[in-house]
Amino acid sequence: MKICLLMIGKTTVAYAREGLEDYARRLKHYVSLETRVIPGAKHAGALTESLLKEREGELILSCLEETDTVVLLDERGTEYSSVEFSAYLERKAREGARRLVFVTGGAYGFSGRVYERARERVSLSRMTFSHQMARVIFLEQLYRAMTIARGEAYHHE
């Protein structure tokens with residue numbers, strides 16, 4: 001199973017960029033991972049919230065393949081413990097997901113069409129994180145899930 005993280009906009013904060021690079025490097029030993037940055041919509045500041053979500057939605061949808069299993073990282077999604085998230089990923093692999101695509105949206109979330117395309121939503125926490133921090137937290141949890149699945153000592157219960 002391949003895993004892809006789609007992100008709207010660049011990671012501009014240095015420590016977040018370093019965190020992404022670190023966990024992406026670690027994950028190479030466990031899973032085929034693609035991190036893909038979707039440039040934000042042009043002239044975003046001049047667009048209304050709904051129009052911005054629609055434009056970003058079009059960009060997200062254009063990056064998806066028909067067979068992708070799409071999971072939105074969304075505050076209203078299902079919350080998992082780290083162990084539960086590991087089991088979730090194992091279940092997806094058993095179900096035959098070829099490419100599992102996790103998507104972080106823009107500042108205002110996702111368009112209706114993106115919600116329709118997604119199979120599921122996952123919440124990283126009931127707390128709100130900046131989009132740049134959410135990316136690092138997600139990759140860390142993905143790494144943690146992989147080490148849990150292998151019984152490695154990274155995670156402690």
# chains A, B, ... in the order shown; residues from 1 in each chain; ligands from 1
call {"tool": "select_by_dssp", "arguments": {"residues": "region 8-88 of chain A", "states": "strand (DSSP E or B)", "output": "ChimeraX atom specification"}}
result
/A:8,32-38,69-79
call {"tool": "write_last_selection", "arguments": {"atoms": "C-alpha atoms", "output": "mmCIF file, in the first residue's frame"}}
result
data_model
loop_
_atom_site.group_PDB
_atom_site.id
_atom_site.type_symbol
_atom_site.label_atom_id
_atom_site.label_comp_id
_atom_site.auth_asym_id
_atom_site.auth_seq_id
_atom_site.Cartn_x
_atom_site.Cartn_y
_atom_site.Cartn_z
ATOM 1 C CA ILE A 8 -2.415 22.866 0.255
ATOM 2 C CA SER A 32 6.034 3.965 0.240
ATOM 3 C CA LEU A 33 5.274 7.594 1.125
ATOM 4 C CA GLU A 34 4.652 10.544 -1.142
ATOM 5 C CA THR A 35 4.250 14.045 0.237
ATOM 6 C CA ARG A 36 2.807 16.394 -2.325
ATOM 7 C CA VAL A 37 2.379 20.130 -2.004
ATOM 8 C CA ILE A 38 -0.460 21.675 -3.969
ATOM 9 C CA THR A 69 -8.835 5.840 -0.976
ATOM 10 C CA VAL A 70 -9.183 9.447 0.154
ATOM 11 C CA VAL A 71 -9.102 10.381 3.838
ATOM 12 C CA LEU A 72 -9.496 13.984 4.922
ATOM 13 C CA LEU A 73 -7.621 15.248 7.955
ATOM 14 C CA ASP A 74 -10.575 17.102 9.407
ATOM 15 C CA GLU A 75 -11.459 18.351 12.868
ATOM 16 C CA ARG A 76 -14.849 16.600 12.637
ATOM 17 C CA GLY A 77 -13.291 13.257 11.737
ATOM 18 C CA THR A 78 -12.852 10.101 13.769
ATOM 19 C CA GLU A 79 -10.298 10.351 16.547
#
call {"tool": "residues_around", "arguments": {"residues": "Val136 (chain A)", "least_positions_apart": "6", "cutoff": "12 Å", "atoms": "only C-alpha atoms", "output": "ChimeraX atom specification"}}
result
/A:5,7,11,13-24,35,104,124,129-130,142-143
call {"tool": "write_last_selection", "arguments": {"atoms": "C-alpha atoms", "output": "CSV table (one decimal), in the first residue's frame"}}
result
chain,number,residue,atom,x,y,z
A,5,LEU,CA,-0.1,13.2,2.1
A,7,MET,CA,-1.1,19.5,1.4
A,11,THR,CA,5.5,24.5,4.6
A,13,VAL,CA,8.1,27.4,8.9
A,14,ALA,CA,11.6,26.0,9.1
A,15,TYR,CA,11.1,23.7,12.1
A,16,ALA,CA,7.9,22.3,10.5
A,17,ARG,CA,9.8,21.7,7.3
A,18,GLU,CA,12.6,19.9,9.2
A,19,GLY,CA,10.0,17.8,11.0
A,20,LEU,CA,8.4,16.8,7.8
A,21,GLU,CA,11.7,15.8,6.3
A,22,ASP,CA,12.8,13.9,9.4
A,23,TYR,CA,9.6,11.8,9.5
A,24,ALA,CA,9.5,11.3,5.8
A,35,THR,CA,4.2,14.0,0.2
A,104,THR,CA,-4.9,18.6,4.6
A,124,LEU,CA,-5.7,14.5,14.8
A,129,PHE,CA,-3.3,23.0,15.1
A,130,SER,CA,-1.9,25.3,12.4
A,142,LEU,CA,2.1,7.7,10.8
A,143,TYR,CA,5.7,6.8,11.8
call {"tool": "closest_residue", "arguments": {"among": "A:Glu120, A:Glu157, A:Glu95, A:Glu65", "to": "Ser81 (chain A)", "atoms": "only C-alpha atoms"}}
result
A:Glu157
call {"tool": "closest_residue", "arguments": {"among": "A:Arg99, A:Lys53, A:Arg121, A:Arg150", "to": "Ala87 (chain A)", "atoms": "only C-alpha atoms"}}
result
A:Arg150
call {"tool": "closest_residue", "arguments": {"among": "A:Lys2, A:Arg126, A:Arg113, A:Arg119", "to": "Ser62 (chain A)", "atoms": "only C-alpha atoms"}}
result
A:Arg113
call {"tool": "closest_residue", "arguments": {"among": "A:Leu47, A:Leu52, A:Leu64, A:Leu139", "to": "Gly109 (chain A)", "atoms": "only C-alpha atoms"}}
result
A:Leu52
call {"tool": "closest_residue", "arguments": {"among": "A:Ile3, A:Cys63, A:Glu116, A:Ala149", "to": "Lys28 (chain A)", "atoms": "only C-alpha atoms"}}
result
A:Ile3
call {"tool": "closest_residue", "arguments": {"among": "A:Thr128, A:Gln141, A:Ser111, A:Ser50", "to": "Glu84 (chain A)", "atoms": "only C-alpha atoms"}}
result
A:Gln141
